[in-house]
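Raw contents of upload_19.txt, compact mmCIF, C-alpha atoms:
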# COMPACT_ATOMS: atom_id res chain seq x y z
CA MET A 6 98.71 105.13 82.98
CA ARG A 7 98.61 108.92 83.27
CA PRO A 8 96.02 108.96 86.11
CA MET A 9 98.08 106.44 88.11
CA THR A 10 101.24 108.49 87.61
CA GLY A 11 99.45 111.67 88.66
CA LEU A 12 97.98 110.08 91.78
CA ILE A 13 101.30 108.58 92.85
CA LEU A 14 103.24 111.81 92.32
CA ALA A 15 100.63 113.93 94.10
CA GLN A 16 100.59 111.56 97.06
CA ALA A 17 104.39 111.48 97.13
CA CYS A 18 104.61 115.27 97.48
CA ALA A 19 101.77 115.54 100.03
CA TYR A 20 102.96 112.61 102.14
CA LEU A 21 106.58 113.79 102.16
CA GLY A 22 105.37 117.18 103.33
CA THR A 23 103.33 115.56 106.08
CA ARG A 24 106.38 113.64 107.33
CA LEU A 25 108.36 116.87 107.44
CA ALA A 26 105.68 118.51 109.57
CA MET A 27 105.42 115.41 111.79
CA ILE A 28 108.88 116.16 113.18
CA ALA A 29 109.23 119.90 112.56
CA ILE A 30 106.07 121.10 114.34
CA PRO A 31 106.44 119.05 117.58
CA TRP A 32 110.16 119.87 117.76
CA PHE A 33 109.44 123.56 117.20
CA VAL A 34 106.89 123.52 120.04
CA LEU A 35 109.25 121.59 122.31
CA GLU A 36 112.11 124.02 121.69
CA THR A 37 110.02 127.18 122.09
CA THR A 38 107.87 126.08 125.05
CA GLY A 39 109.61 123.05 126.59
CA SER A 40 106.17 121.72 127.55
CA PRO A 41 104.76 118.24 126.72
CA THR A 42 101.33 119.67 127.55
CA HIS A 43 101.72 122.32 124.86
CA MET A 44 102.75 119.59 122.44
CA GLY A 45 99.55 117.77 123.32
CA LEU A 46 97.48 120.89 122.70
CA VAL A 47 99.06 121.36 119.27
CA THR A 48 98.30 117.72 118.44
CA LEU A 49 94.72 118.21 119.68
CA CYS A 50 94.14 121.21 117.40
CA GLU A 51 95.77 119.75 114.30
CA LEU A 52 94.37 116.23 114.54
CA GLY A 53 91.02 117.44 115.85
CA ALA A 54 90.59 119.69 112.82
CA TYR A 55 91.89 116.92 110.57
CA THR A 56 89.32 114.50 111.96
CA LEU A 57 86.39 116.90 111.73
CA ALA A 58 87.31 117.84 108.18
CA ARG A 59 87.47 114.21 107.09
CA LEU A 60 84.22 113.51 108.89
CA PHE A 61 82.23 116.15 107.00
CA VAL A 62 83.99 116.35 103.64
CA GLY A 63 82.66 113.06 102.23
CA PRO A 64 79.53 114.42 100.50
CA VAL A 65 81.63 117.23 99.03
CA LEU A 66 84.06 114.70 97.56
CA ASP A 67 81.28 112.65 95.96
CA ARG A 68 79.45 115.75 94.70
CA ILE A 69 82.29 118.08 93.55
CA GLY A 70 84.98 115.50 92.90
CA GLN A 71 88.13 114.33 94.63
CA ARG A 72 90.42 116.03 92.14
CA ALA A 73 88.95 119.52 92.61
CA VAL A 74 88.93 119.23 96.41
CA SER A 75 92.50 117.93 96.50
CA ILE A 76 93.88 120.89 94.53
CA ARG A 77 92.16 123.53 96.64
CA VAL A 78 92.97 122.14 100.07
CA ASP A 79 96.62 121.49 99.14
CA LEU A 80 96.99 125.18 98.37
CA LEU A 81 95.26 126.10 101.64
CA ALA A 82 97.63 123.86 103.60
CA ALA A 83 100.61 125.44 101.86
CA ALA A 84 99.48 128.93 102.88
CA ALA A 85 99.04 127.95 106.54
CA LEU A 86 102.38 126.11 106.67
CA ALA A 87 104.24 129.04 105.16
CA ALA A 88 102.62 131.43 107.62
CA VAL A 89 104.19 129.73 110.67
CA PRO A 90 107.85 130.56 109.91
CA LEU A 91 106.99 133.94 108.40
CA LEU A 92 105.06 135.09 111.47
CA PHE A 93 107.62 133.65 113.88
CA ALA A 94 110.43 135.51 112.10
CA ALA A 95 108.43 138.72 112.50
CA ASP A 96 107.85 137.96 116.21
CA LEU A 97 104.11 137.80 115.53
CA LEU A 98 103.42 134.18 116.50
CA PRO A 99 102.00 133.83 120.02
CA PHE A 100 101.03 130.32 121.03
CA PRO A 101 97.26 130.84 120.50
CA LEU A 102 97.91 131.94 116.90
CA LEU A 103 100.08 128.86 116.37
CA LEU A 104 97.12 126.76 117.50
CA VAL A 105 94.94 128.53 114.94
CA LEU A 106 97.43 127.84 112.14
CA VAL A 107 97.86 124.16 112.97
CA THR A 108 94.06 123.93 113.06
CA VAL A 109 93.92 125.29 109.51
CA ILE A 110 96.61 122.80 108.50
CA GLY A 111 94.48 119.99 109.90
CA LEU A 112 91.35 121.30 108.17
CA ALA A 113 93.23 121.19 104.85
CA THR A 114 95.25 117.98 105.15
CA GLY A 115 92.25 115.89 106.22
CA PRO A 116 90.29 116.43 102.98
CA SER A 117 93.54 116.32 100.99
CA GLU A 118 94.33 112.82 102.19
CA ALA A 119 90.73 111.64 101.87
CA ALA A 120 90.51 112.91 98.30
CA LYS A 121 93.70 111.19 97.18
CA VAL A 122 92.96 107.90 98.93
CA SER A 123 89.43 107.67 97.53
CA LEU A 124 90.70 108.21 93.97
CA ALA A 125 92.39 104.78 94.00
CA PRO A 126 89.49 102.62 92.70
CA PHE A 127 88.76 105.07 89.87
CA VAL A 128 92.42 105.21 88.89
CA ALA A 129 92.54 101.39 88.96
CA ARG A 130 89.59 101.19 86.58
CA ALA A 131 91.07 103.83 84.29
CA ALA A 132 94.40 101.97 84.19
CA GLY A 133 92.81 98.52 83.88
CA VAL A 134 94.57 96.98 86.90
CA ARG A 135 93.55 95.41 90.20
CA VAL A 136 92.90 97.79 93.04
CA GLU A 137 95.54 95.96 95.14
CA ARG A 138 98.12 97.04 92.56
CA VAL A 139 97.17 100.71 92.90
CA THR A 140 96.88 100.63 96.69
CA GLY A 141 100.17 98.72 96.86
CA LEU A 142 101.97 101.39 94.82
CA THR A 143 100.39 104.29 96.69
CA GLY A 144 101.17 102.46 99.93
CA THR A 145 104.78 102.18 98.79
CA VAL A 146 104.80 105.93 98.23
CA ASP A 147 103.43 106.42 101.73
CA ARG A 148 106.09 104.18 103.22
CA LEU A 149 108.83 105.77 101.12
CA SER A 150 107.80 109.17 102.47
CA MET A 151 108.09 107.71 105.97
CA THR A 152 111.73 106.98 105.17
CA VAL A 153 112.82 110.06 103.26
CA GLY A 154 110.56 112.49 105.14
CA PRO A 155 111.71 111.84 108.72
CA ILE A 156 115.39 111.57 107.81
CA ALA A 157 115.21 114.73 105.70
CA ALA A 158 113.19 116.49 108.41
CA GLY A 159 115.62 115.45 111.11
CA ALA A 160 118.57 116.67 109.06
CA VAL A 161 116.87 119.94 108.09
CA VAL A 162 115.73 120.64 111.65
CA ALA A 163 119.17 119.82 113.06
CA LEU A 164 121.09 121.88 110.49
CA LEU A 165 118.72 124.70 109.53
CA GLY A 166 115.91 124.62 112.10
CA ALA A 167 112.29 123.50 112.21
CA LEU A 168 111.04 126.57 110.39
CA THR A 169 112.98 125.72 107.24
CA ALA A 170 111.32 122.30 107.21
CA LEU A 171 107.94 124.03 107.25
CA HIS A 172 108.97 126.14 104.24
CA LEU A 173 109.79 122.92 102.37
CA ASN A 174 106.50 121.42 103.49
CA ALA A 175 104.57 124.34 102.00
CA ALA A 176 106.47 124.02 98.71
CA LEU A 177 105.66 120.31 98.48
CA MET A 178 101.94 120.95 98.97
CA ILE A 179 102.01 123.48 96.12
CA VAL A 180 103.72 120.93 93.86
CA SER A 181 101.11 118.34 94.84
CA ALA A 182 98.31 120.68 93.75
CA LEU A 183 100.03 121.38 90.42
CA VAL A 184 100.62 117.68 89.69
CA THR A 185 96.99 116.86 90.42
CA ALA A 186 95.78 119.66 88.16
CA VAL A 187 98.01 118.66 85.25
CA LEU A 188 98.11 114.85 85.29
CA LEU A 189 94.65 113.88 86.55
CA CYS A 190 91.82 114.39 84.08
CA ARG A 191 88.72 116.24 85.19
CA ASP A 192 86.53 113.16 84.66
CA THR A 193 88.73 110.73 86.61
CA GLU A 194 86.03 110.20 89.28
CA THR A 195 83.44 109.20 86.66
CA VAL A 196 85.40 106.15 85.44
CA GLY A 197 83.29 103.05 85.95
CA ARG A 198 80.09 104.90 86.78
CA ALA A 199 77.02 104.34 84.64
CA GLY A 200 74.38 107.02 84.42
CA PRO A 201 73.76 109.92 86.79
CA ASP A 202 74.49 110.10 90.47
CA PRO A 203 72.03 107.67 92.15
CA GLU A 204 71.58 110.17 94.99
CA GLU A 205 71.04 113.20 92.81
CA GLY A 206 68.76 115.64 94.62
CA HIS A 207 69.48 114.33 98.12
CA GLY A 208 70.55 116.91 100.67
CA TYR A 209 73.96 117.20 102.29
CA LEU A 210 72.90 115.70 105.64
CA THR A 211 71.17 112.77 103.93
CA ARG A 212 74.28 112.01 101.92
CA LEU A 213 76.50 112.39 104.99
CA HIS A 214 74.30 110.00 106.94
CA ALA A 215 74.45 107.51 104.07
CA GLY A 216 78.25 107.56 104.38
CA TRP A 217 77.95 106.90 108.11
CA ARG A 218 75.66 103.93 107.50
CA ALA A 219 77.95 102.55 104.82
CA ILE A 220 80.76 102.27 107.39
CA TRP A 221 79.09 101.83 110.77
CA GLY A 222 76.25 99.62 109.50
CA ASP A 223 78.68 97.11 107.99
CA VAL A 224 79.87 94.81 110.79
CA PRO A 225 83.36 94.05 109.39
CA LEU A 226 83.99 97.72 108.59
CA ARG A 227 82.74 98.74 112.02
CA THR A 228 85.11 96.21 113.63
CA LEU A 229 88.05 97.50 111.62
CA THR A 230 87.13 101.09 112.46
CA VAL A 231 87.16 100.52 116.23
CA MET A 232 90.39 98.51 116.10
CA ILE A 233 92.25 101.09 114.03
CA MET A 234 90.86 103.96 116.11
CA VAL A 235 92.46 102.48 119.25
CA THR A 236 95.78 101.65 117.57
CA ASN A 237 95.90 105.12 116.03
CA ILE A 238 95.60 106.71 119.47
CA VAL A 239 98.70 104.81 120.54
CA ASP A 240 100.64 105.24 117.29
CA ILE A 241 100.04 108.98 116.99
CA ALA A 242 100.91 109.53 120.64
CA VAL A 243 104.16 107.63 120.13
CA MET A 244 105.15 109.50 116.96
CA SER A 245 104.03 113.00 117.98
CA LEU A 246 104.76 112.97 121.72
CA ALA A 247 106.73 110.02 123.08
CA LEU A 248 109.36 109.69 120.36
CA PRO A 249 110.55 113.34 120.42
CA ILE A 250 110.54 113.36 124.23
CA TRP A 251 112.43 110.02 124.31
CA ALA A 252 115.11 111.45 122.01
CA HIS A 253 115.31 114.74 123.92
CA GLN A 254 115.61 113.03 127.33
CA GLY A 255 118.24 110.66 125.93
CA GLY A 256 120.45 113.57 124.93
CA MET A 257 119.83 113.05 121.22
CA GLY A 258 118.73 115.62 118.68
CA PRO A 259 115.97 115.67 116.07
CA GLU A 260 118.17 113.64 113.73
CA ALA A 261 117.66 110.64 116.04
CA VAL A 262 113.90 111.00 115.64
CA GLY A 263 114.42 111.08 111.89
CA PHE A 264 116.59 107.96 111.89
CA VAL A 265 114.14 105.97 114.01
CA ALA A 266 111.11 106.98 111.97
CA GLY A 267 113.15 106.50 108.80
CA ALA A 268 114.04 102.93 109.77
CA LEU A 269 110.33 102.22 110.17
CA GLY A 270 109.49 103.75 106.82
CA GLY A 271 112.46 102.26 104.97
CA ALA A 272 111.59 98.69 105.90
CA SER A 273 107.90 99.31 105.26
CA ILE A 274 108.71 100.16 101.63
CA LEU A 275 109.63 96.52 101.10
CA GLY A 276 106.36 95.45 102.74
CA SER A 277 104.36 97.73 100.46
CA LEU A 278 106.18 96.45 97.37
CA ILE A 279 105.37 92.89 98.44
CA ALA A 280 101.72 93.92 98.77
CA ALA A 281 101.76 95.50 95.29
CA TRP A 282 103.41 92.44 93.76
CA ALA A 283 101.70 89.57 95.58
CA GLY A 284 99.15 91.08 97.95
CA HIS A 285 96.24 89.45 96.10
CA ARG A 286 97.87 86.02 96.62
CA LEU A 287 98.39 86.28 100.38
CA PRO A 288 95.84 84.92 102.89
CA ARG A 289 94.29 88.28 103.58
CA LYS A 290 92.83 87.90 107.07
CA ALA A 291 95.78 86.06 108.62
CA THR A 292 98.28 88.42 107.00
CA PHE A 293 96.39 91.50 108.15
CA PHE A 294 96.12 90.52 111.82
CA LEU A 295 99.70 89.22 111.98
CA CYS A 296 101.04 92.46 110.54
CA MET A 297 98.95 94.56 112.92
CA ALA A 298 100.32 92.62 115.91
CA VAL A 299 103.97 92.84 114.84
CA ALA A 300 103.92 96.39 113.48
CA GLY A 301 102.93 98.08 116.74
CA PRO A 302 103.78 96.68 120.21
CA PRO A 303 107.46 95.70 119.67
CA ARG A 304 108.56 99.13 118.46
CA ILE A 305 106.62 100.85 121.26
CA LEU A 306 108.07 98.65 124.00
CA VAL A 307 111.68 99.02 122.85
CA LEU A 308 111.53 102.78 123.49
CA ALA A 309 110.80 102.02 127.15
CA LEU A 310 113.97 99.94 127.48
CA ASP A 311 117.48 101.20 128.13
CA VAL A 312 119.01 99.85 124.92
CA PRO A 313 121.43 101.33 122.34
CA LEU A 314 120.09 103.29 119.40
CA TRP A 315 120.98 100.51 116.94
CA VAL A 316 118.66 98.11 118.77
CA VAL A 317 115.80 100.61 118.53
CA LEU A 318 116.50 101.06 114.81
CA THR A 319 116.51 97.27 114.26
CA VAL A 320 113.21 96.72 116.05
CA TRP A 321 111.52 99.62 114.27
CA ALA A 322 112.75 98.32 110.92
CA GLY A 323 111.31 94.87 111.68
CA SER A 324 107.96 96.38 112.62
CA GLY A 325 108.04 98.50 109.49
CA LEU A 326 108.44 95.46 107.25
CA PHE A 327 105.15 94.03 108.49
CA GLY A 328 103.50 97.43 108.71
CA GLY A 329 104.07 98.03 105.00
CA LEU A 330 101.62 95.26 104.15
CA ILE A 331 98.75 96.67 106.19
CA ASN A 332 97.39 99.65 104.25
CA PRO A 333 97.20 98.00 100.79
CA LEU A 334 95.29 95.04 102.23
CA LEU A 335 93.07 97.28 104.34
CA SER A 336 92.27 99.55 101.40
CA ALA A 337 91.35 96.58 99.21
CA ILE A 338 88.94 95.32 101.87
CA ILE A 339 87.26 98.71 102.18
CA PHE A 340 86.97 99.33 98.44
CA GLU A 341 85.40 95.90 97.96
CA ARG A 342 82.73 96.68 100.52
CA LEU A 343 81.83 100.18 99.29
CA PRO A 344 79.84 100.96 96.11
CA LEU A 345 81.57 103.42 93.82
CA SER A 346 79.05 106.17 94.56
CA MET A 347 79.98 105.95 98.27
CA VAL A 348 83.78 105.80 98.01
CA GLY A 349 84.36 109.47 98.85
CA ARG A 350 82.02 109.48 101.84
CA GLY A 351 83.02 106.02 103.01
CA MET A 352 86.76 106.66 102.96
CA SER A 353 86.50 110.12 104.53
CA MET A 354 84.11 108.84 107.21
CA LEU A 355 86.31 105.87 108.04
CA GLY A 356 89.40 108.07 108.12
CA ALA A 357 87.69 110.46 110.52
CA LEU A 358 86.33 107.77 112.82
CA THR A 359 89.66 105.97 113.07
CA ARG A 360 91.39 109.20 114.10
CA VAL A 361 88.74 110.73 116.33
CA GLY A 362 90.30 109.42 119.53
CA ALA A 363 93.85 110.64 118.91
CA PRO A 364 93.31 114.41 119.29
CA LEU A 365 91.06 113.90 122.29
CA ALA A 366 93.61 111.69 124.01
CA ALA A 367 96.71 113.74 123.11
CA PRO A 368 96.51 116.33 125.94
CA GLY A 369 95.91 113.58 128.51
CA ILE A 370 98.78 111.49 127.18
CA GLY A 371 101.07 114.52 127.19
CA ALA A 372 100.10 115.23 130.81
CA ALA A 373 100.65 111.56 131.73
CA ILE A 374 104.14 111.65 130.23
CA GLY A 375 104.90 114.80 132.21
CA LEU A 376 103.62 113.19 135.43
CA LEU A 377 104.76 109.56 135.12
CA GLY A 378 107.56 109.72 132.60
CA VAL A 379 107.71 108.40 129.07
CA ALA A 380 108.55 104.72 129.84
CA PRO A 381 105.38 103.78 131.82
CA VAL A 382 103.17 105.42 129.21
CA LEU A 383 104.93 103.49 126.43
CA VAL A 384 104.46 100.16 128.20
CA ALA A 385 100.76 100.83 128.74
CA GLY A 386 100.38 101.90 125.12
CA ALA A 387 101.98 98.70 123.83
CA PHE A 388 99.55 96.51 125.75
CA VAL A 389 96.54 98.56 124.65
CA HIS A 390 97.70 98.29 121.03
CA LEU A 391 98.08 94.51 121.27
CA ALA A 392 94.67 94.05 122.92
CA ALA A 393 92.97 96.14 120.21
CA VAL A 394 94.39 93.82 117.55
CA LEU A 395 93.86 90.44 119.23
CA LEU A 396 90.27 90.88 120.42
CA PRO A 397 88.68 91.45 116.97
CA MET A 398 90.72 88.58 115.50
CA PHE A 399 88.50 86.06 117.26
CA GLY A 400 85.19 87.80 116.52
CA ALA A 401 82.60 86.68 114.01
CA ALA A 402 83.11 89.80 111.91
CA SER A 403 86.70 88.85 111.13
CA ARG A 404 85.49 85.93 108.99
CA ALA A 405 84.14 88.42 106.45
CA LEU A 406 87.53 90.09 106.00
CA GLY A 407 88.84 87.41 103.67
CA ARG A 408 89.04 87.79 99.91
CA PRO A 409 85.73 87.36 98.02
CA ALA A 410 85.19 84.05 96.30
CA GLU A 411 84.90 85.75 92.92
CA GLU A 412 87.56 88.33 92.10
CA PRO A 413 86.86 90.99 89.45
CA ASP A 414 88.60 90.69 86.12
CA PRO A 415 92.04 92.30 86.07
CA ASP A 416 90.96 94.75 83.40
CA MET A 417 88.17 95.90 85.76
CA ARG A 418 85.71 96.21 82.90
CA THR A 419 82.00 96.19 83.70
CA PRO A 420 79.72 93.90 81.64
CA ALA A 421 77.33 95.67 79.32
CA GLY A 422 74.13 96.67 81.01
CA GLU A 423 75.42 96.13 84.54
CA ASN A 424 75.56 99.00 86.98
CA PRO A 425 79.15 99.06 88.35
CA ASP A 426 77.92 100.67 91.57
CA ARG A 427 76.25 97.35 92.38
CA ARG A 428 79.45 95.34 92.64
CA SER A 429 79.69 92.03 94.47
CA ARG A 430 80.87 92.59 98.02
CA SER A 431 81.63 89.99 100.67
CA ARG A 432 79.06 91.01 103.27
CA SER A 433 78.62 89.30 106.59
CA ASP A 434 74.90 89.23 105.81
CA PRO A 435 74.73 88.50 102.05
CA GLY A 436 71.68 89.53 100.13
CA PRO A 437 70.51 91.91 97.43
CA ASP A 438 72.33 95.21 97.18
CA PRO A 439 70.54 98.02 99.02
CA GLU A 440 69.23 101.13 97.38
CA PRO A 441 71.34 104.28 97.88
CA ASP A 442 69.18 105.49 100.73
CA GLN A 443 69.06 102.04 102.37
CA LEU A 444 72.78 101.34 102.65
CA LEU A 445 74.01 99.34 105.58
structure tokens encoding of this file:
Amino acid sequence: MRPMTGLILAQACAYLGTRLAMIAIPWFVLETTGSPTHMGLVTLCELGAYTLARLFVGPVLDRIGQRAVSIRVDLLAAAALAAVPLLFAADLLPFPLLLVLVTVIGLATGPSEAAKVSLAPFVARAAGVRVERVTGLTGTVDRLSMTVGPIAAGAVVALLGALTALHLNAALMIVSALVTAVLLCRDTETVGRAGPDPEEGHGYLTRLHAGWRAIWGDVPLRTLTVMIMVTNIVDIAVMSLALPIWAHQGGMGPEAVGFVAGALGGASILGSLIAAWAGHRLPRKATFFLCMAVAGPPRILVLALDVPLWVVLTVWAGSGLFGGLINPLLSAIIFERLPLSMVGRGMSMLGALTRVGAPLAAPGIGAAIGLLGVAPVLVAGAFVHLAAVLLPMFGAASRALGRPAEEPDPDMRTPAGENPDRRSRSRSDPGPDPEPDQLL
């Protein structure tokens, strides 16, 4: 169980740090510039770098190893995060330099998240448990960080300032690197693999393109990618732009942002625990689409209404309960459809593609909020989110998102003589497994 413990602890530190930055950086920009457009530019640089890093890091993960990449980029993120308050205190932080630093943070946190997420199937095999159990526990950690992180960030920002939150963020990234180095064995990524790398000798671009084909050539994965890309544009705009502006215009401080985001994360912990305990028993497709529909639009729309804070907290908590079920189910679907030799590239590619729209849209959304106000933008975002979920639900590709007819044994052992990279996957077009350079 040591690899599972190491993965969970490393993710807990990294995710908690991310939640701190989610509130501290936008609030710092809002206080120092007072400009929603500047907030959009910061989001563009950070998420743009994050997306590009995830897009191109896949072959590095599969070649060097997720563990080694995770340690190095966590330390890089810590250095960039610590530089923001240090330079600001020395009056050496003009806005262009801040954009450079948040770009470095994005370049580090993208591979960091991709490395940790793509370790899940290997950790599951090493621990002898179903992948839903691992993704459910790591999803619970993610949701727990959404509770503790925003509340802690709101309190720290309100009492001590945004810069102190960034100091804590840097410390958490250092701890994440240390935990990964100590508790995860060097050969964790080789668990379940038989023989040498099937793509040994292939160049970087060939391996990168194979990761693209593994995601975009698979119809169900392509459908999920487009759907999540659209919903991420809305969700990230709400969390990074609309929510802080909503609180600021309502005469509330950063602690209100923390409470609202914390209500979402707190309730989602229960959803993630349900997924870890009984996720493999739930009707996967129906549960996934229902949760996507309930987790997004209601909490976006309530911010556009003139209602008390307790109503907003209640609605966000309800959405969080359903939202907690999403990531464990989604991760199980993806891992079932990717061969082990493609997990690093597939997860990093999918993570990049689903986030590519958010940084590009952030400046425009920030300008729209400045021009039209926050309420009209929130209403439009809720309807876009709902449409992105409902349209794929009735497509042919959604039929392939159910659980495979034959589940792997709980101990995840591979029969003698069988290559574990050629696992059964519920494809929309079933047939013999492709060779590494002929992946869908």
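Shortest atom-to-atom contact with Gly386 in chain A among A:Leu358, A:Val243, A:Leu171, A:Leu295: A:Val243, counting all atoms listed in the file.
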* Asked: Pick the closest to Thr236 in chain A from A:Ala85, A:Ala167, A:Ile305, A:Val74: which is it, counting all atoms listed in the file?
  -> A:Ile305
* Looking at A:Ala17, A:Leu391, A:Leu164, A:Val184, which one is nearest to Ile233 in chain A, with distances taken over all atoms listed in the file? -> A:Leu391
* **Option closest in space to Gly271 in chain A, from A:Gly323, A:Gly375, A:Pro313, A:Gly256 [counting only C-alpha atoms]** =>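 Residue with the minimum atom-to-atom distance to Gly271 in chain A: A:Gly323.
Using only C-alpha atoms, the residues found no farther than 10 Å from Thr114 in chain A, other than those of its own chain fewer than 3 positions away, are Ala19, Tyr20, Thr23, Glu51, Leu52, Ala54, Tyr55, Thr56, Ala58, Arg59, Ser75, Val78, Asp79, Leu81, Ala82, Ala83, Thr108, Val109, Ile110, Gly111, Ser117, Glu118, Ala119, Ala120 and Met178 of chain A.
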* Asked: Which residue, A:Leu106, A:Leu189, A:Ala158, A:Leu57, has the smallest gap to Leu21 in chain A when you use all atoms listed in the file?
  -> A:Ala158
* Asked: So what do you get for CA of Ala357 in chain A versus CA of Leu60 in chain A, distance-wise?
  ->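 Interatomic distance here is 4.9 Å.
Every protein, DNA or RNA residue with an atom at most 10 Å from range 93-101 of chain A, where all atoms listed in the file count and chain neighbours fewer than 6 positions away do not, is listed here: Val34, Thr37, Thr38, His43, Val47 and Leu168 of chain A.
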Store the residues of this selection in a file with C-alpha atoms, as a compact mmCIF listing (two decimals), keeping the file's coordinate frame.
# COMPACT_ATOMS: atom_id res chain seq x y z
CA VAL A 34 106.89 123.52 120.04
CA THR A 37 110.02 127.18 122.09
CA THR A 38 107.87 126.08 125.05
CA HIS A 43 101.72 122.32 124.86
CA VAL A 47 99.06 121.36 119.27
CA LEU A 168 111.04 126.57 110.39
* Restricting the calculation to only C-alpha atoms, which member of A:Phe388, A:Glu341, A:Ala125, A:Leu308 is positioned closest to Arg138 in chain A? ->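 Comparing A:Phe388, A:Glu341, A:Ala125, A:Leu308 against Arg138 in chain A, the winner is A:Ala125.
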Give the padded box for range 68-87 of chain A as lines of an AutoDock Vina configuration file: axis-aligned, covering all atoms listed in the file, 8 Å on each side, centre and edge lengths in Å to one decimal.
center_x = 91.8
center_y = 121.7
center_z = 99.4
size_x = 40.8
size_y = 30.7
size_z = 30.5
* Length of the CA of Met297 in chain A to CA of Leu318 in chain A vector [Å] -> 18.8 Å
* To do: Go ahead and compute the interatomic distance for CA of Phe340 in chain A and CA of Ala322 in chain A, in Å to one decimal.
  =>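 About the pair CA of Phe340 in chain A and CA of Ala322 in chain A: they are 28.7 Å apart.
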* Excluding same-chain residues fewer than 3 positions from Gly39 in chain A, what lies within 12 Å of it counting only C-alpha atoms, as a VMD selection string? -> chain A and resid 31 to 36 42 to 45 249 to 250 253 to 254 375
Polymer residues at most 12 Å from Val394 in chain A, all atoms listed in the file, same-chain spacing of 3 or more positions, as a PDB file with C-alpha atoms, in the coordinates of the input:
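File part-v2.pdb, as written:
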ATOM      1  CA  THR A 228      85.110  96.210 113.630  1.00  0.00           C
ATOM      2  CA  LEU A 229      88.050  97.500 111.620  1.00  0.00           C
ATOM      3  CA  THR A 230      87.130 101.090 112.460  1.00  0.00           C
ATOM      4  CA  VAL A 231      87.160 100.520 116.230  1.00  0.00           C
ATOM      5  CA  MET A 232      90.390  98.510 116.100  1.00  0.00           C
ATOM      6  CA  ILE A 233      92.250 101.090 114.030  1.00  0.00           C
ATOM      7  CA  MET A 234      90.860 103.960 116.110  1.00  0.00           C
ATOM      8  CA  VAL A 235      92.460 102.480 119.250  1.00  0.00           C
ATOM      9  CA  THR A 236      95.780 101.650 117.570  1.00  0.00           C
ATOM     10  CA  ASN A 237      95.900 105.120 116.030  1.00  0.00           C
ATOM     11  CA  ALA A 291      95.780  86.060 108.620  1.00  0.00           C
ATOM     12  CA  PHE A 293      96.390  91.500 108.150  1.00  0.00           C
ATOM     13  CA  PHE A 294      96.120  90.520 111.820  1.00  0.00           C
ATOM     14  CA  LEU A 295      99.700  89.220 111.980  1.00  0.00           C
ATOM     15  CA  CYS A 296     101.040  92.460 110.540  1.00  0.00           C
ATOM     16  CA  MET A 297      98.950  94.560 112.920  1.00  0.00           C
ATOM     17  CA  ALA A 298     100.320  92.620 115.910  1.00  0.00           C
ATOM     18  CA  VAL A 299     103.970  92.840 114.840  1.00  0.00           C
ATOM     19  CA  ALA A 300     103.920  96.390 113.480  1.00  0.00           C
ATOM     20  CA  GLY A 301     102.930  98.080 116.740  1.00  0.00           C
ATOM     21  CA  PRO A 302     103.780  96.680 120.210  1.00  0.00           C
ATOM     22  CA  ALA A 387     101.980  98.700 123.830  1.00  0.00           C
ATOM     23  CA  PHE A 388      99.550  96.510 125.750  1.00  0.00           C
ATOM     24  CA  VAL A 389      96.540  98.560 124.650  1.00  0.00           C
ATOM     25  CA  HIS A 390      97.700  98.290 121.030  1.00  0.00           C
ATOM     26  CA  LEU A 391      98.080  94.510 121.270  1.00  0.00           C
ATOM     27  CA  PRO A 397      88.680  91.450 116.970  1.00  0.00           C
ATOM     28  CA  MET A 398      90.720  88.580 115.500  1.00  0.00           C
ATOM     29  CA  PHE A 399      88.500  86.060 117.260  1.00  0.00           C
ATOM     30  CA  GLY A 400      85.190  87.800 116.520  1.00  0.00           C
ATOM     31  CA  SER A 403      86.700  88.850 111.130  1.00  0.00           C
TER      32      SER A 403
END
